[in-house]
Amino acid sequence: MTEGMRDEVKIRAYSPGKYPILVVELAESPGELRTTYYETGYDLERTKRVSEEWLKENALGRHSFVEVDPPQVIPASSLRDYVGRELLEEN
């Protein structure tokens, strides 16, 4: 993965709970969705590529993910902070 891909991500959805999974879209590759994980510190090198169809039918449709509308655009390096601040309400 190139440095440019690490600059910004668009948070599209997340799983509720103690260890949120995020579905992000890479700024450098519009339309490319990846799942990022609490256990990996939301490291973009350790993601799983998913499709828009998977997001709609599986994550949102079957697994109670919450859609972020409008999507949040943040620096990729801030994913962990975002989860703590916005999803886990850590101060």
# chains A, B, ... in the order shown; residues from 1 in each chain; ligands from 1

call {"tool": "residues_around", "arguments": {"residues": "Gly84 (chain A)", "least_positions_apart": "2", "cutoff": "12 Å", "atoms": "only C-alpha atoms", "output": "list in words"}}
result
Gly17, Lys18, Tyr19, Pro20, Tyr38, Gly41, Tyr42, Ser78, Leu79, Arg80, Asp81, Tyr82, Glu86, Leu87, Leu88, Glu89, Glu90 and Asn91 of chain A

call {"tool": "select_by_dssp", "arguments": {"residues": "chain A", "states": "helix (DSSP H, G or I)", "output": "ChimeraX atom specification"}}
result
/A:3-6,38-40,44-46,52-62,76-87

call {"tool": "atom_distance", "arguments": {"atom1": "CA of Lys56 (chain A)", "atom2": "CA of Ser77 (chain A)"}}
result
25.9 Å

call {"tool": "select_by_dssp", "arguments": {"residues": "region 29-82 of chain A", "states": "strand (DSSP E or B)", "output": "list in words"}}
result
Leu33, Arg34, Thr35, Thr36, Tyr37, Lys48, Arg49, Val50, Val66, Glu67, Val68, Asp69, Pro70, Pro71, Gln72, Val73, Ile74 and Pro75 of chain A

call {"tool": "write_last_selection", "arguments": {"atoms": "all heavy atoms", "output": "compact mmCIF listing (two decimals), in the first residue's frame"}}
result
# COMPACT_ATOMS: atom_id res chain seq x y z
N LEU A 33 -13.35 -0.38 -0.80
CA LEU A 33 -13.74 -0.50 0.60
C LEU A 33 -12.89 -1.54 1.30
O LEU A 33 -12.55 -2.58 0.72
CB LEU A 33 -15.21 -0.89 0.72
CG LEU A 33 -16.22 0.03 0.07
CD1 LEU A 33 -17.63 -0.51 0.27
CD2 LEU A 33 -16.11 1.44 0.63
N ARG A 34 -12.56 -1.25 2.55
CA ARG A 34 -11.77 -2.18 3.37
C ARG A 34 -12.35 -2.21 4.77
O ARG A 34 -12.86 -1.22 5.26
CB ARG A 34 -10.33 -1.70 3.45
CG ARG A 34 -9.70 -1.51 2.10
CD ARG A 34 -8.48 -2.24 2.00
NE ARG A 34 -7.88 -2.08 0.68
CZ ARG A 34 -6.71 -2.54 0.40
NH1 ARG A 34 -6.02 -3.17 1.31
NH2 ARG A 34 -6.22 -2.40 -0.80
N THR A 35 -12.23 -3.35 5.40
CA THR A 35 -12.59 -3.44 6.82
C THR A 35 -11.31 -3.30 7.62
O THR A 35 -10.27 -3.86 7.28
CB THR A 35 -13.27 -4.78 7.16
OG1 THR A 35 -12.45 -5.86 6.72
CG2 THR A 35 -14.64 -4.88 6.52
N THR A 36 -11.38 -2.52 8.68
CA THR A 36 -10.25 -2.32 9.58
C THR A 36 -10.68 -2.74 10.98
O THR A 36 -11.85 -2.60 11.33
CB THR A 36 -9.76 -0.86 9.58
OG1 THR A 36 -10.81 -0.02 10.05
CG2 THR A 36 -9.34 -0.41 8.19
N TYR A 37 -9.74 -3.22 11.75
CA TYR A 37 -10.08 -3.91 12.99
C TYR A 37 -9.42 -3.31 14.23
O TYR A 37 -8.26 -2.89 14.20
CB TYR A 37 -9.66 -5.38 12.88
CG TYR A 37 -10.28 -6.05 11.70
CD1 TYR A 37 -9.61 -6.10 10.48
CD2 TYR A 37 -11.55 -6.59 11.77
CE1 TYR A 37 -10.19 -6.70 9.37
CE2 TYR A 37 -12.14 -7.19 10.67
CZ TYR A 37 -11.46 -7.24 9.47
OH TYR A 37 -12.04 -7.82 8.37
N LYS A 48 -9.11 -6.05 5.18
CA LYS A 48 -9.73 -7.00 4.26
C LYS A 48 -10.53 -6.17 3.25
O LYS A 48 -11.32 -5.31 3.64
CB LYS A 48 -10.65 -7.95 5.02
CG LYS A 48 -11.37 -8.92 4.12
CD LYS A 48 -12.28 -9.82 4.93
CE LYS A 48 -13.07 -10.70 3.98
NZ LYS A 48 -14.11 -11.44 4.69
N ARG A 49 -10.32 -6.45 1.98
CA ARG A 49 -11.06 -5.75 0.94
C ARG A 49 -12.48 -6.31 0.86
O ARG A 49 -12.67 -7.52 0.90
CB ARG A 49 -10.35 -5.93 -0.39
CG ARG A 49 -10.82 -4.99 -1.44
CD ARG A 49 -9.92 -5.11 -2.65
NE ARG A 49 -10.20 -4.00 -3.52
CZ ARG A 49 -9.49 -3.69 -4.55
NH1 ARG A 49 -8.44 -4.41 -4.87
NH2 ARG A 49 -9.81 -2.66 -5.29
N VAL A 50 -13.47 -5.41 0.77
CA VAL A 50 -14.87 -5.81 0.67
C VAL A 50 -15.53 -5.00 -0.44
O VAL A 50 -15.00 -3.99 -0.88
CB VAL A 50 -15.63 -5.61 2.01
CG1 VAL A 50 -15.06 -6.51 3.09
CG2 VAL A 50 -15.62 -4.16 2.46
N VAL A 66 -23.56 0.07 11.55
CA VAL A 66 -24.22 1.36 11.51
C VAL A 66 -23.60 2.16 10.37
O VAL A 66 -22.37 2.34 10.32
CB VAL A 66 -24.04 2.11 12.84
CG1 VAL A 66 -24.66 3.48 12.78
CG2 VAL A 66 -24.62 1.29 13.99
N GLU A 67 -24.43 2.64 9.46
CA GLU A 67 -23.95 3.46 8.35
C GLU A 67 -23.59 4.85 8.86
O GLU A 67 -24.31 5.43 9.67
CB GLU A 67 -25.01 3.56 7.26
CG GLU A 67 -24.54 4.29 6.04
CD GLU A 67 -25.56 4.24 4.91
OE1 GLU A 67 -26.74 3.93 5.16
OE2 GLU A 67 -25.15 4.52 3.77
N VAL A 68 -22.46 5.38 8.42
CA VAL A 68 -22.05 6.74 8.77
C VAL A 68 -22.49 7.62 7.61
O VAL A 68 -21.95 7.53 6.51
CB VAL A 68 -20.53 6.82 9.00
CG1 VAL A 68 -20.11 8.25 9.33
CG2 VAL A 68 -20.11 5.87 10.11
N ASP A 69 -23.51 8.44 7.85
CA ASP A 69 -24.10 9.25 6.79
C ASP A 69 -24.28 10.68 7.27
O ASP A 69 -25.07 10.91 8.17
CB ASP A 69 -25.45 8.66 6.38
CG ASP A 69 -26.03 9.33 5.15
OD1 ASP A 69 -25.24 9.90 4.36
OD2 ASP A 69 -27.25 9.29 4.99
N PRO A 70 -23.54 11.61 6.72
CA PRO A 70 -22.56 11.44 5.65
C PRO A 70 -21.28 10.79 6.19
O PRO A 70 -20.98 10.91 7.38
CB PRO A 70 -22.28 12.87 5.18
CG PRO A 70 -22.53 13.72 6.38
CD PRO A 70 -23.63 13.03 7.14
N PRO A 71 -20.56 10.12 5.29
CA PRO A 71 -19.31 9.49 5.72
C PRO A 71 -18.34 10.53 6.31
O PRO A 71 -18.31 11.68 5.87
CB PRO A 71 -18.74 8.92 4.42
CG PRO A 71 -19.94 8.74 3.54
CD PRO A 71 -20.85 9.88 3.89
N GLN A 72 -17.58 10.11 7.32
CA GLN A 72 -16.59 10.98 7.95
C GLN A 72 -15.25 10.81 7.23
O GLN A 72 -14.78 9.68 7.07
CB GLN A 72 -16.40 10.58 9.42
CG GLN A 72 -17.58 10.85 10.28
CD GLN A 72 -17.67 12.32 10.64
OE1 GLN A 72 -16.68 12.98 10.86
NE2 GLN A 72 -18.88 12.82 10.67
N VAL A 73 -14.65 11.91 6.83
CA VAL A 73 -13.33 11.87 6.22
C VAL A 73 -12.32 12.29 7.28
O VAL A 73 -12.43 13.38 7.85
CB VAL A 73 -13.24 12.80 4.99
CG1 VAL A 73 -11.84 12.79 4.40
CG2 VAL A 73 -14.27 12.39 3.94
N ILE A 74 -11.38 11.40 7.56
CA ILE A 74 -10.36 11.69 8.58
C ILE A 74 -9.01 11.16 8.12
O ILE A 74 -8.94 10.30 7.24
CB ILE A 74 -10.73 11.07 9.95
CG1 ILE A 74 -10.72 9.54 9.89
CG2 ILE A 74 -12.07 11.58 10.45
CD1 ILE A 74 -10.77 8.88 11.25
N PRO A 75 -7.93 11.65 8.72
CA PRO A 75 -6.62 11.07 8.42
C PRO A 75 -6.60 9.60 8.87
O PRO A 75 -7.12 9.27 9.94
CB PRO A 75 -5.65 11.90 9.26
CG PRO A 75 -6.37 13.16 9.57
CD PRO A 75 -7.83 12.79 9.63

call {"tool": "decode", "arguments": {"residues": "region 17-43 of chain A", "atoms": "C-alpha atoms", "output": "CSV table (one decimal), in the first residue's frame"}}
result
chain,number,residue,atom,x,y,z
A,17,GLY,CA,-19.7,-2.9,20.5
A,18,LYS,CA,-16.5,-3.0,22.5
A,19,TYR,CA,-14.3,-3.8,19.5
A,20,PRO,CA,-15.6,-1.9,16.5
A,21,ILE,CA,-14.9,-2.9,13.0
A,22,LEU,CA,-14.8,0.0,10.6
A,23,VAL,CA,-15.6,-0.1,6.9
A,24,VAL,CA,-13.5,2.6,5.2
A,25,GLU,CA,-13.1,3.9,1.7
A,26,LEU,CA,-9.5,4.8,0.7
A,27,ALA,CA,-9.2,8.4,-0.6
A,28,GLU,CA,-6.6,7.4,-3.1
A,29,SER,CA,-8.9,4.7,-4.5
A,30,PRO,CA,-12.5,5.9,-4.5
A,31,GLY,CA,-14.9,3.0,-4.3
A,32,GLU,CA,-12.3,0.7,-2.7
A,33,LEU,CA,-13.7,-0.5,0.6
A,34,ARG,CA,-11.8,-2.2,3.4
A,35,THR,CA,-12.6,-3.4,6.8
A,36,THR,CA,-10.3,-2.3,9.6
A,37,TYR,CA,-10.1,-3.9,13.0
A,38,TYR,CA,-9.7,-2.8,16.6
A,39,GLU,CA,-7.3,-5.8,17.2
A,40,THR,CA,-4.9,-4.4,14.6
A,41,GLY,CA,-5.1,-0.8,15.8
A,42,TYR,CA,-6.9,0.0,12.5
A,43,ASP,CA,-3.7,-0.6,10.6
